[in-house]
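Peer 1: Take a look at model-v4.cif, mmCIF, C-alpha atoms:
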```cif
data_coords
#
loop_
_atom_site.label_atom_id
_atom_site.label_comp_id
_atom_site.auth_asym_id
_atom_site.auth_seq_id
_atom_site.Cartn_x
_atom_site.Cartn_y
_atom_site.Cartn_z
CA MET A 1150 -27.12 50.09 -27.86
CA THR A 1151 -28.19 51.87 -24.66
CA ASP A 1152 -27.38 55.49 -23.91
CA ALA A 1153 -24.76 54.33 -21.44
CA GLN A 1154 -23.13 52.07 -24.03
CA LYS A 1155 -23.00 54.98 -26.47
CA THR A 1156 -21.38 57.14 -23.82
CA ALA A 1157 -18.84 54.40 -23.08
CA ALA A 1158 -18.08 54.01 -26.77
CA ASP A 1159 -17.37 57.73 -27.00
CA THR A 1160 -15.22 57.74 -23.84
CA THR A 1161 -11.64 56.52 -23.81
CA LEU A 1162 -11.04 54.34 -20.77
CA ARG A 1163 -8.61 56.03 -18.43
CA ALA A 1164 -5.47 53.94 -18.19
CA PRO A 1165 -4.37 52.99 -14.66
CA GLY A 1166 -2.59 55.93 -13.03
CA ASP A 1167 -3.48 58.38 -15.78
CA SER A 1168 -4.79 61.83 -15.01
CA PRO A 1169 -8.01 62.72 -16.79
CA PRO A 1170 -7.23 64.34 -20.15
CA ASP A 1171 -8.23 67.96 -20.60
CA SER A 1172 -10.58 66.93 -23.39
CA ARG A 1173 -12.41 64.40 -21.24
CA PRO A 1174 -16.03 65.53 -20.87
CA ALA A 1175 -17.53 66.10 -17.44
CA PRO A 1176 -19.54 63.13 -16.18
CA VAL A 1177 -23.26 63.20 -16.94
CA PRO A 1178 -25.37 63.14 -13.72
CA LEU A 1179 -27.58 60.06 -13.63
CA LEU A 1180 -30.67 61.31 -11.83
CA GLU A 1181 -33.49 58.87 -12.63
CA PRO A 1182 -33.82 55.21 -13.61
CA ARG A 1183 -34.75 54.97 -17.25
CA GLU A 1184 -38.20 53.51 -16.45
CA GLY A 1185 -38.65 55.56 -13.28
CA ILE A 1186 -38.50 54.27 -9.70
CA PRO A 1187 -39.99 50.77 -9.67
CA PRO A 1188 -42.55 49.93 -6.98
CA VAL A 1189 -41.28 47.90 -4.05
CA THR A 1190 -42.19 44.22 -4.36
CA ALA A 1191 -43.35 43.14 -0.92
CA THR A 1192 -46.07 40.48 -1.42
CA PRO A 1193 -46.03 36.88 -2.72
CA GLU A 1194 -48.30 37.86 -5.61
CA ALA A 1195 -46.04 40.70 -6.74
CA LEU A 1196 -42.99 38.48 -6.31
CA ALA A 1197 -44.53 35.83 -8.58
CA GLU A 1198 -44.85 38.45 -11.32
CA VAL A 1199 -41.21 39.43 -10.88
CA VAL A 1200 -40.10 35.79 -11.08
CA ALA A 1201 -42.00 35.32 -14.35
CA ALA A 1202 -40.59 38.52 -15.83
CA PHE A 1203 -36.99 37.71 -14.96
CA ALA A 1204 -37.33 34.12 -16.15
CA ALA A 1205 -38.41 35.51 -19.52
CA GLY A 1206 -35.66 38.15 -19.57
CA ARG A 1207 -32.45 38.01 -21.56
CA GLY A 1208 -28.77 38.23 -20.80
CA PRO A 1209 -26.96 38.94 -17.53
CA VAL A 1210 -28.78 39.95 -14.35
CA ALA A 1211 -27.56 42.97 -12.39
CA VAL A 1212 -27.92 42.27 -8.64
CA ASP A 1213 -27.36 44.42 -5.57
CA ALA A 1214 -28.46 44.30 -1.93
CA GLU A 1215 -28.75 46.89 0.83
CA ARG A 1216 -28.08 46.02 4.45
CA ALA A 1217 -28.47 48.01 7.66
CA SER A 1218 -24.90 47.74 8.92
CA GLY A 1219 -24.38 49.86 12.00
CA TYR A 1220 -28.11 49.90 12.74
CA ARG A 1221 -29.31 46.28 12.97
CA TYR A 1222 -27.87 43.04 14.26
CA GLY A 1223 -26.26 40.88 11.61
CA GLN A 1224 -25.92 41.43 7.88
CA ARG A 1225 -29.33 40.52 6.50
CA ALA A 1226 -30.61 42.16 3.32
CA TYR A 1227 -33.30 44.83 3.68
CA LEU A 1228 -33.64 45.59 -0.03
CA VAL A 1229 -32.66 43.61 -3.13
CA GLN A 1230 -32.31 45.29 -6.52
CA LEU A 1231 -32.21 43.49 -9.86
CA ARG A 1232 -32.22 44.49 -13.49
CA ARG A 1233 -32.33 42.40 -16.64
CA GLU A 1234 -32.98 43.17 -20.28
CA GLY A 1235 -36.60 42.43 -21.06
CA ALA A 1236 -37.60 42.62 -17.39
CA GLY A 1237 -36.41 46.09 -16.35
CA SER A 1238 -35.48 46.94 -12.78
CA VAL A 1239 -37.16 45.69 -9.61
CA LEU A 1240 -36.84 46.49 -5.91
CA ILE A 1241 -37.73 43.64 -3.56
CA ASP A 1242 -38.37 43.93 0.16
CA PRO A 1243 -36.90 40.79 1.83
CA VAL A 1244 -38.86 41.60 4.98
CA GLY A 1245 -42.15 41.04 3.14
CA CYS A 1246 -40.70 38.40 0.77
CA THR A 1247 -38.42 36.35 2.98
CA ASP A 1248 -37.76 33.55 0.49
CA LEU A 1249 -36.41 34.52 -2.94
CA SER A 1250 -35.33 31.02 -3.94
CA ALA A 1251 -37.90 30.94 -6.77
CA LEU A 1252 -36.35 34.10 -8.20
CA GLY A 1253 -32.89 32.67 -7.75
CA GLU A 1254 -33.94 29.56 -9.62
CA ALA A 1255 -35.50 31.64 -12.41
CA VAL A 1256 -32.16 33.30 -13.15
CA ARG A 1257 -29.98 30.37 -12.14
CA ASP A 1258 -28.45 29.91 -15.58
CA ALA A 1259 -27.80 33.62 -16.14
CA GLU A 1260 -24.59 35.42 -15.30
CA TRP A 1261 -25.09 37.63 -12.23
CA VAL A 1262 -23.36 41.00 -12.27
CA LEU A 1263 -22.48 42.36 -8.83
CA HIS A 1264 -20.14 45.02 -7.50
CA ALA A 1265 -17.98 43.67 -4.64
CA ALA A 1266 -19.77 40.33 -4.80
CA THR A 1267 -18.34 38.87 -1.60
CA GLN A 1268 -20.10 41.61 0.41
CA ASP A 1269 -23.58 40.79 -0.92
CA LEU A 1270 -23.44 37.04 -1.52
CA PRO A 1271 -23.85 36.02 2.17
CA CYS A 1272 -27.08 38.00 2.67
CA LEU A 1273 -28.38 36.90 -0.74
CA ARG A 1274 -27.64 33.28 0.12
CA ASP A 1275 -29.67 33.66 3.32
CA ILE A 1276 -32.81 34.46 1.27
CA GLY A 1277 -32.31 31.72 -1.31
CA MET A 1278 -30.36 33.49 -4.05
CA VAL A 1279 -27.14 31.73 -5.07
CA PRO A 1280 -25.47 32.35 -8.43
CA THR A 1281 -23.74 29.70 -10.50
CA ARG A 1282 -21.90 32.28 -12.64
CA LEU A 1283 -21.03 35.86 -11.83
CA PHE A 1284 -19.10 38.91 -12.96
CA ASP A 1285 -17.75 41.18 -10.21
CA THR A 1286 -17.27 44.71 -11.53
CA GLU A 1287 -15.19 45.80 -8.53
CA LEU A 1288 -12.78 42.89 -8.89
CA ALA A 1289 -12.68 43.44 -12.64
CA GLY A 1290 -11.66 47.03 -11.99
CA ARG A 1291 -8.87 45.88 -9.68
CA LEU A 1292 -7.53 43.42 -12.22
CA ALA A 1293 -7.71 46.08 -14.93
CA GLY A 1294 -5.58 48.38 -12.78
CA PHE A 1295 -8.07 51.09 -11.79
CA SER A 1296 -6.97 52.90 -8.64
CA ARG A 1297 -10.54 53.76 -7.56
CA VAL A 1298 -12.92 50.81 -7.77
CA GLY A 1299 -16.02 52.00 -5.90
CA LEU A 1300 -19.16 51.73 -7.99
CA GLY A 1301 -19.51 55.49 -8.41
CA ALA A 1302 -15.89 55.93 -9.46
CA MET A 1303 -16.07 53.00 -11.90
CA VAL A 1304 -19.29 54.20 -13.52
CA GLU A 1305 -17.80 57.68 -13.88
CA ASN A 1306 -14.41 56.59 -15.24
CA VAL A 1307 -15.69 53.85 -17.52
CA LEU A 1308 -19.12 55.03 -18.65
CA GLY A 1309 -18.98 58.76 -18.08
CA TYR A 1310 -21.95 58.97 -15.71
CA ALA A 1311 -22.06 60.34 -12.16
CA LEU A 1312 -24.10 58.36 -9.63
CA GLU A 1313 -25.61 59.91 -6.51
CA LYS A 1314 -23.59 58.99 -3.43
CA GLY A 1315 -25.74 60.26 -0.60
CA HIS A 1316 -27.61 57.22 0.75
CA SER A 1317 -25.04 54.43 0.98
CA ALA A 1318 -24.94 54.39 4.80
CA VAL A 1319 -28.59 54.97 5.69
CA ASP A 1320 -30.71 52.61 7.79
CA TRP A 1321 -32.21 50.38 5.10
CA SER A 1322 -34.42 48.67 7.68
CA THR A 1323 -36.54 51.85 7.72
CA ARG A 1324 -40.12 51.31 6.56
CA PRO A 1325 -41.46 52.73 4.39
CA LEU A 1326 -38.29 53.51 2.45
CA PRO A 1327 -38.24 57.12 1.21
CA ASP A 1328 -38.39 57.72 -2.53
CA PRO A 1329 -34.88 59.27 -2.70
CA TRP A 1330 -33.44 56.10 -1.18
CA LEU A 1331 -35.37 53.91 -3.62
CA ARG A 1332 -34.14 56.04 -6.52
CA TYR A 1333 -30.56 55.63 -5.28
CA ALA A 1334 -31.04 51.86 -4.95
CA ALA A 1335 -32.51 51.48 -8.44
CA LEU A 1336 -29.66 53.49 -9.96
CA ASP A 1337 -27.14 51.11 -8.40
CA VAL A 1338 -28.20 48.40 -10.88
CA GLU A 1339 -29.10 50.73 -13.73
CA LEU A 1340 -25.70 50.57 -15.42
CA LEU A 1341 -24.12 47.45 -13.90
CA VAL A 1342 -24.47 45.38 -17.08
CA ASP A 1343 -23.15 48.27 -19.20
CA LEU A 1344 -20.19 48.54 -16.82
CA ARG A 1345 -19.65 44.81 -17.05
CA ASP A 1346 -19.53 44.88 -20.85
CA ALA A 1347 -17.06 47.77 -20.94
CA LEU A 1348 -14.79 46.13 -18.34
CA GLU A 1349 -14.86 42.84 -20.19
CA GLU A 1350 -13.57 44.65 -23.28
CA GLU A 1351 -10.83 46.33 -21.23
CA LEU A 1352 -9.75 43.07 -19.61
CA GLU A 1353 -9.66 41.41 -23.03
CA ARG A 1354 -7.50 44.28 -24.33
CA GLN A 1355 -5.07 43.82 -21.43
CA GLY A 1356 -4.97 40.03 -21.79
CA LYS A 1357 -6.52 39.54 -18.35
CA LEU A 1358 -10.03 38.34 -19.16
CA GLU A 1359 -9.23 34.70 -18.44
CA TRP A 1360 -7.73 35.75 -15.11
CA ALA A 1361 -10.97 37.49 -14.23
CA ARG A 1362 -13.04 34.48 -15.24
CA GLN A 1363 -11.03 32.24 -12.93
CA GLU A 1364 -11.49 34.70 -10.07
CA PHE A 1365 -15.24 34.94 -10.66
CA ALA A 1366 -15.57 31.15 -10.81
CA ALA A 1367 -13.72 30.83 -7.50
CA ILE A 1368 -16.06 33.32 -5.82
CA ALA A 1369 -19.16 31.56 -7.13
CA ALA A 1370 -17.89 28.16 -5.99
CA ALA A 1371 -16.67 29.25 -2.55
CA PRO A 1372 -18.62 27.78 0.41
CA PRO A 1373 -19.91 30.02 3.19
CA PRO A 1374 -17.06 30.97 5.55
CA PRO A 1375 -16.96 29.08 8.86
CA PRO A 1376 -17.93 30.96 12.02
CA ARG A 1377 -15.09 33.10 13.35
CA LYS A 1378 -13.31 31.56 16.34
CA ASP A 1379 -13.31 33.75 19.46
CA PRO A 1380 -14.81 36.82 17.75
CA TRP A 1381 -14.49 38.78 21.01
CA ARG A 1382 -10.74 38.95 20.38
CA ARG A 1383 -11.41 41.42 17.57
CA THR A 1384 -12.74 44.04 19.98
CA SER A 1385 -11.25 47.39 19.04
CA GLY A 1386 -8.52 48.34 21.52
CA MET A 1387 -7.85 44.70 22.45
CA HIS A 1388 -4.09 45.30 22.14
CA LYS A 1389 -4.25 47.18 25.46
CA VAL A 1390 -5.60 44.13 27.29
CA ARG A 1391 -2.71 41.92 28.36
CA ARG A 1392 -3.73 40.04 31.52
CA ARG A 1393 -5.85 36.92 31.27
CA ARG A 1394 -8.36 38.14 33.88
CA GLN A 1395 -8.86 41.30 31.85
CA MET A 1396 -9.32 39.23 28.72
CA ALA A 1397 -12.04 37.29 30.53
CA VAL A 1398 -13.86 40.55 31.21
CA VAL A 1399 -13.73 41.44 27.52
CA ARG A 1400 -15.10 38.00 26.65
CA GLU A 1401 -17.97 38.22 29.16
CA LEU A 1402 -18.95 41.77 28.21
CA TRP A 1403 -18.69 41.03 24.48
CA THR A 1404 -20.85 37.90 24.82
CA THR A 1405 -23.46 39.70 26.93
CA ARG A 1406 -23.55 42.61 24.50
CA ASP A 1407 -23.99 40.25 21.55
CA LEU A 1408 -26.95 38.50 23.18
CA VAL A 1409 -28.62 41.82 23.98
CA ALA A 1410 -28.00 43.15 20.47
CA GLN A 1411 -29.40 40.00 18.90
CA ARG A 1412 -32.50 40.09 21.09
CA ARG A 1413 -33.12 43.77 20.34
CA ASP A 1414 -32.03 43.47 16.68
CA VAL A 1415 -29.67 46.41 16.87
CA SER A 1416 -26.00 46.82 16.05
CA PRO A 1417 -23.82 45.69 18.99
CA GLY A 1418 -22.03 49.04 18.90
CA LYS A 1419 -25.32 50.74 19.76
CA VAL A 1420 -25.67 48.57 22.85
CA LEU A 1421 -22.18 49.13 24.25
CA GLY A 1422 -19.07 50.52 22.57
CA ASP A 1423 -15.83 48.59 22.23
CA GLY A 1424 -14.05 51.36 24.10
CA ALA A 1425 -16.30 50.86 27.13
CA ILE A 1426 -15.61 47.12 27.13
CA VAL A 1427 -11.86 47.70 27.11
CA GLU A 1428 -12.09 50.31 29.89
CA ALA A 1429 -14.00 47.89 32.09
CA ALA A 1430 -11.44 45.17 31.41
CA LEU A 1431 -8.50 47.40 32.27
CA ASN A 1432 -10.06 48.74 35.48
CA LEU A 1433 -11.90 45.64 36.79
CA PRO A 1434 -14.54 47.72 38.64
CA PRO A 1435 -15.68 46.04 41.89
CA ASN A 1436 -19.25 47.39 41.69
CA SER A 1437 -21.68 49.20 39.42
CA HIS A 1438 -20.89 52.54 41.05
CA ALA A 1439 -17.25 52.21 40.01
CA LEU A 1440 -18.35 50.97 36.59
CA ALA A 1441 -20.53 54.06 36.08
CA ALA A 1442 -17.45 56.27 36.50
CA LEU A 1443 -15.70 54.70 33.51
CA PRO A 1444 -15.89 56.15 29.96
CA GLY A 1445 -18.78 54.59 28.05
CA PHE A 1446 -20.84 53.89 31.17
CA GLY A 1447 -22.01 57.45 31.78
CA HIS A 1448 -24.97 58.98 33.57
CA ARG A 1449 -27.32 58.22 30.67
CA MET A 1450 -27.07 54.51 31.35
CA GLY A 1451 -29.84 53.17 33.55
CA ARG A 1452 -29.33 51.23 36.75
CA ARG A 1453 -30.51 47.93 35.26
CA GLN A 1454 -28.09 48.28 32.38
CA LEU A 1455 -25.20 49.03 34.71
CA GLU A 1456 -26.11 46.01 36.81
CA GLN A 1457 -26.20 43.86 33.67
CA TRP A 1458 -22.67 44.90 32.66
CA GLN A 1459 -21.37 44.65 36.22
CA ALA A 1460 -22.73 41.12 36.45
CA ALA A 1461 -20.64 40.23 33.37
CA VAL A 1462 -17.56 41.76 35.00
CA ASP A 1463 -18.26 39.85 38.21
CA ARG A 1464 -18.55 36.56 36.31
CA ALA A 1465 -15.12 37.15 34.80
CA ARG A 1466 -13.65 38.12 38.19
CA ALA A 1467 -14.98 34.89 39.72
CA LEU A 1468 -13.59 32.50 37.10
CA PRO A 1469 -10.90 30.06 38.26
CA ASP A 1470 -7.53 30.50 36.58
CA SER A 1471 -8.04 27.32 34.58
CA GLU A 1472 -11.00 28.87 32.76
CA LEU A 1473 -9.35 32.15 31.84
CA PRO A 1474 -8.65 32.69 28.14
CA GLN A 1475 -5.13 32.23 26.87
CA PRO A 1476 -3.18 35.32 25.78
CA GLY A 1477 -3.46 34.58 22.07
CA GLN A 1478 -5.28 32.35 19.65
CA PRO A 1479 -3.47 29.20 18.56
CA LEU A 1480 -1.60 29.99 15.39
CA ASN A 1481 -2.91 28.42 12.20
CA GLY A 1482 0.11 28.98 10.04
CA PRO A 1483 3.38 30.85 10.37
CA PRO A 1484 4.10 33.34 13.17
CA PRO A 1485 3.86 37.09 12.57
CA PRO A 1486 6.58 38.17 10.09
CA ARG A 1487 8.05 40.67 12.59
CA SER A 1488 9.35 37.70 14.62
CA TRP A 1489 10.89 35.80 11.71
CA ALA A 1490 14.32 37.43 11.90
CA ASP A 1491 14.77 35.99 15.41
CA LYS A 1492 12.98 32.67 14.92
CA ASP A 1493 14.27 31.78 11.44
CA PRO A 1494 16.58 34.28 9.67
CA ALA A 1495 16.61 32.19 6.49
CA ALA A 1496 12.81 32.30 6.30
CA ALA A 1497 12.92 36.06 6.85
CA ALA A 1498 15.34 36.42 3.93
CA ARG A 1499 13.10 34.29 1.72
CA LEU A 1500 10.06 36.36 2.62
CA SER A 1501 11.85 39.64 1.93
CA ALA A 1502 12.95 38.44 -1.51
CA ALA A 1503 9.52 36.99 -2.31
CA ARG A 1504 7.71 40.17 -1.32
CA ALA A 1505 10.02 42.29 -3.45
CA ALA A 1506 9.50 40.00 -6.44
CA VAL A 1507 5.71 40.04 -6.06
CA THR A 1508 5.67 43.82 -5.69
CA ALA A 1509 7.70 44.30 -8.87
CA LEU A 1510 5.56 41.88 -10.87
CA ALA A 1511 2.31 43.43 -9.64
CA GLU A 1512 3.55 46.83 -10.75
CA ARG A 1513 4.43 45.50 -14.21
CA LEU A 1514 0.99 43.90 -14.51
CA SER A 1515 -0.82 46.99 -13.15
CA LEU A 1516 -2.82 45.22 -10.48
CA PRO A 1517 -2.80 45.11 -6.66
CA GLN A 1518 -0.33 42.73 -5.04
CA GLU A 1519 -3.07 41.03 -3.02
CA ASN A 1520 -4.94 40.17 -6.22
CA LEU A 1521 -1.81 38.76 -7.81
CA ILE A 1522 -1.27 36.42 -4.84
CA THR A 1523 -2.48 36.71 -1.25
CA PRO A 1524 0.16 37.80 1.29
CA ASP A 1525 -0.82 34.86 3.53
CA THR A 1526 0.00 32.39 0.75
CA VAL A 1527 3.43 33.97 0.26
CA ARG A 1528 4.11 33.82 4.01
CA ARG A 1529 3.13 30.15 4.25
CA LEU A 1530 5.29 29.22 1.28
CA CYS A 1531 8.33 31.06 2.64
CA TRP A 1532 7.95 29.67 6.16
CA GLU A 1533 7.63 26.07 4.95
CA PRO A 1534 9.17 25.90 1.47
CA PRO A 1535 9.53 22.63 -0.45
CA ALA A 1536 12.69 20.68 0.27
CA ARG A 1537 13.83 21.18 -3.32
CA PRO A 1538 12.19 24.28 -4.73
CA THR A 1539 11.15 23.87 -8.34
CA GLU A 1540 8.40 25.61 -10.25
CA GLU A 1541 6.39 22.39 -10.05
CA SER A 1542 6.77 21.97 -6.28
CA VAL A 1543 6.07 25.65 -5.65
CA ALA A 1544 3.03 25.51 -7.92
CA GLU A 1545 1.71 22.53 -5.96
CA ILE A 1546 1.98 24.42 -2.67
CA LEU A 1547 0.34 27.51 -4.13
CA ALA A 1548 -2.55 25.44 -5.46
CA GLY A 1549 -2.95 23.81 -2.05
CA HIS A 1550 -3.47 27.28 -0.55
CA GLY A 1551 -6.18 28.13 -3.08
CA ALA A 1552 -4.22 30.07 -5.70
CA ARG A 1553 -5.87 30.11 -9.09
CA LEU A 1554 -4.12 28.75 -12.21
CA TRP A 1555 -3.41 32.22 -13.61
CA GLN A 1556 -1.85 33.30 -10.34
CA ILE A 1557 0.33 30.21 -10.23
CA GLU A 1558 1.49 30.75 -13.80
CA GLN A 1559 2.47 34.33 -12.99
CA VAL A 1560 4.14 33.95 -9.59
CA ALA A 1561 5.53 30.40 -9.43
CA PRO A 1562 8.67 31.31 -11.43
CA ILE A 1563 9.54 34.41 -9.38
CA LEU A 1564 8.76 32.76 -6.05
CA THR A 1565 10.87 29.74 -6.98
CA GLU A 1566 13.79 32.04 -7.77
CA ALA A 1567 13.31 33.85 -4.46
CA LEU A 1568 13.47 30.53 -2.59
CA LEU A 1569 16.51 29.28 -4.49
CA THR A 1570 18.54 32.46 -4.12
CA ASN A 1571 17.75 32.73 -0.42
CA GLY A 1572 18.01 29.10 0.61
CA GLU A 1573 19.42 27.96 3.90
#
```
Kindly present the structure from the file in structure tokens form.
Peer 2:
Amino acid sequence: MTDAQKTAADTTLRAPGDSPPDSRPAPVPLLEPREGIPPVTATPEALAEVVAAFAAGRGPVAVDAERASGYRYGQRAYLVQLRREGAGSVLIDPVGCTDLSALGEAVRDAEWVLHAATQDLPCLRDIGMVPTRLFDTELAGRLAGFSRVGLGAMVENVLGYALEKGHSAVDWSTRPLPDPWLRYAALDVELLVDLRDALEEELERQGKLEWARQEFAAIAAAPPPPPRKDPWRRTSGMHKVRRRRQMAVVRELWTTRDLVAQRRDVSPGKVLGDGAIVEAALNLPPNSHALAALPGFGHRMGRRQLEQWQAAVDRARALPDSELPQPGQPLNGPPPPRSWADKDPAAAARLSAARAAVTALAERLSLPQENLITPDTVRRLCWEPPARPTEESVAEILAGHGARLWQIEQVAPILTEALLTNGE
């Protein structure tokens, strides 16, 4: 039994919504990895040693990755941390070791323990690491009813240790990485397996362990998401842009900014802010002098840069009407719920009843509504219900929208009742 496991055994898990008891000891600061800060693995030779060590290790593998969000273009990993019994902790530099598929294969049959797995899996997949089984400690915390599910909060509440929080948003593309950052990164996987074991016990106690297993299996089996359609439409402040010509300006500026950011490998927001894009769209400046007077295009911007952005504005101004973007994306599913009362009052009544039923059940089960069943699934069911709502027909629709078996078992009865009592 590790020190952390002993601490967890001596610490009563805080029930969801409980205040900490007066007798609860203060969390113990976790200041150093138990074997010290591991050296950064950055060469093929060092990576081969890591692969051999982890292949010979035992039990689950704790995995984490650090990106440079807000600093670099894209979401690539700039540091990968792993820990396994018998192998210890390692820090791997994906810039020096760009292909970690051999390591992924070495631990292929092990359960991977991650916190907020869906955030790290895309960048891990890009370097050849794909789990077949996983345990997500953040999702486990949600299902167990914890109100705070960040890694630091979970480690503190469940294991009684306090993790350092100071380096989560630093530029992980920095080289060399400072020792305090490496210490922080190593500590992120130090107690992940201990946290996993304690949460598994709590989920078992609550009768939710099988629910968690189904959720974890769905995450591991999910394919990479398709590219987002018209990503420029998500520009912050887009709700102010109403005319199609203005929308074309947003599209041209966003696309130009993305190409520049990709070429320079910097975050798009560092190239040009969303607010500046929206200002240019609303004002349609006729020349770079007028553009320079707008917020976000100040005196610090060079002439060539201004000309680059003005050229994008000019391209949008010159487009024929037939090539201007449409006001909204084609709907894939029901319309926004705020319009239901006018479009289909019966559907609005069904949705209101279904939402109330889901809210009440989620409260009884002590878990977030969105983890019980996704709001989009409820909307789709209520907008296009089965002709004769039965638990079987409702369950079939829920399964078609990706609901897991445990979710269907919990919500099919209450959603069927909501449809029947609020039929047309």
Peer 1: Enumerate, as a list in words, the residues matched when the PyMOL selection byres ((chain A and resi 1562) around 10) is run on the file above.
Peer 2: Thr1539, Glu1540, Glu1541, Val1543, Ala1544, Ile1557, Glu1558, Gln1559, Val1560, Ala1561, Ile1563, Leu1564, Thr1565, Glu1566 and Ala1567 of chain A
Peer 1: For the atom pair CA of Ser1322 in chain A and CA of Ala1197 in chain A, what is the interatomic distance in Å to one decimal place?
Peer 2: 23.1 Å
Peer 1: Please identify all polymer residues within 12 Å of Asp1463 in chain A, counting all atoms listed in the file, omitting same-chain residues fewer than 3 positions from it, and present them as a ChimeraX atom specification.
Peer 2: /A:1394-1395,1397-1399,1401-1402,1429-1430,1433-1437,1440,1456-1460,1466-1468
Peer 1: Generate a file of the selected residues that holds C-alpha atoms, formatted as a PDB file, in the frame of the given file.
Peer 2:
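Now in result-v6.pdb:
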```pdb
ATOM      1  CA  ARG A1394      -8.360  38.140  33.880  1.00  0.00           C
ATOM      2  CA  GLN A1395      -8.860  41.300  31.850  1.00  0.00           C
ATOM      3  CA  ALA A1397     -12.040  37.290  30.530  1.00  0.00           C
ATOM      4  CA  VAL A1398     -13.860  40.550  31.210  1.00  0.00           C
ATOM      5  CA  VAL A1399     -13.730  41.440  27.520  1.00  0.00           C
ATOM      6  CA  GLU A1401     -17.970  38.220  29.160  1.00  0.00           C
ATOM      7  CA  LEU A1402     -18.950  41.770  28.210  1.00  0.00           C
ATOM      8  CA  ALA A1429     -14.000  47.890  32.090  1.00  0.00           C
ATOM      9  CA  ALA A1430     -11.440  45.170  31.410  1.00  0.00           C
ATOM     10  CA  LEU A1433     -11.900  45.640  36.790  1.00  0.00           C
ATOM     11  CA  PRO A1434     -14.540  47.720  38.640  1.00  0.00           C
ATOM     12  CA  PRO A1435     -15.680  46.040  41.890  1.00  0.00           C
ATOM     13  CA  ASN A1436     -19.250  47.390  41.690  1.00  0.00           C
ATOM     14  CA  SER A1437     -21.680  49.200  39.420  1.00  0.00           C
ATOM     15  CA  LEU A1440     -18.350  50.970  36.590  1.00  0.00           C
ATOM     16  CA  GLU A1456     -26.110  46.010  36.810  1.00  0.00           C
ATOM     17  CA  GLN A1457     -26.200  43.860  33.670  1.00  0.00           C
ATOM     18  CA  TRP A1458     -22.670  44.900  32.660  1.00  0.00           C
ATOM     19  CA  GLN A1459     -21.370  44.650  36.220  1.00  0.00           C
ATOM     20  CA  ALA A1460     -22.730  41.120  36.450  1.00  0.00           C
ATOM     21  CA  ARG A1466     -13.650  38.120  38.190  1.00  0.00           C
ATOM     22  CA  ALA A1467     -14.980  34.890  39.720  1.00  0.00           C
ATOM     23  CA  LEU A1468     -13.590  32.500  37.100  1.00  0.00           C
TER      24      LEU A1468
END
```
Peer 1: Write out as a ChimeraX atom specification each polymer residue whose atoms come within 6 Å of range 1504-1516 of chain A, counting all atoms listed in the file; drop sequence neighbours fewer than 2 positions from it.
Peer 2: /A:1292,1294,1500-1502,1518
Peer 1: Run the PyMOL selection byres ((chain A and resi 1325) around 12) on the file and write out the hits as a VMD selection string.
Peer 2: chain A and resid 1188 to 1189 1191 1227 to 1228 1242 1244 to 1245 1320 to 1324 1326 to 1331
Peer 1: In the coordinate frame of the file, compute which residues have an atom within 12 Å of (5.2, 36.8, 13.5) when using all atoms listed in the file, and state them as a ChimeraX atom specification.
Peer 2: /A:1480-1493,1496-1497,1500,1525,1528-1529,1532
Peer 1: Expand the PyMOL selection byres ((chain A and resi 1546-1553) around 8) into the individual residues it matches in the shown file, reporting them as a ChimeraX atom specification.
Peer 2: /A:1363-1364,1522,1526,1530,1542-1545,1554-1557,1561
Peer 1: Using Å and a single decimal, report how far CA of Met1450 in chain A sits from CA of Arg1392 in chain A.
Peer 2: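 Computing the Euclidean distance for CA of Arg1392 in chain A and CA of Met1450 in chain A yields 27.5 Å.
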Peer 1: Which of these residues is nearest to Ala1201 in chain A, using all atoms listed in the file: A:Val1390, A:Val1279, A:Ala1226, A:Val1256?
Peer 2: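 Looking at the shortest contact to Ala1201 in chain A, the residue is A:Val1256.
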Peer 1: Can you pull out every residue within 12 Å of Glu1184 in chain A, counting only C-alpha atoms, but drop anything in the same chain fewer than 4 positions away, and send it as a list in words?
Peer 2: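 Listing them by chain and then by number gives Leu1180, Pro1188, Arg1232, Ala1236, Gly1237, Ser1238, Val1239, Arg1332, Ala1335, Leu1336 and Glu1339 of chain A.
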Peer 1: Compare A:Val1462, A:Leu1521, A:Val1307, A:Ala1214 by their minimum atom-to-atom distance to Asp1269 in chain A, counting all atoms listed in the file, and give me the closest one.
Peer 2: A:Ala1214
Peer 1: In Å, rounded to a single decimal, give me how far CA of Asp1275 in chain A is from CA of Asp1407 in chain A.
Peer 2: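 Result for CA of Asp1407 in chain A versus CA of Asp1275 in chain A: 20.2 Å, one decimal.
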Peer 1: Would you compute an axis-aligned box for range 1244-1261 of chain A, covering every atom listed for it in the file with 4 Å of margin on each side, and report centre and edge lengths in Å to one decimal as JSON?
Peer 2:
```
{"center_x": -33.4, "center_y": 35.6, "center_z": -5.6, "size_x": 25.6, "size_y": 20.0, "size_z": 29.1}
```
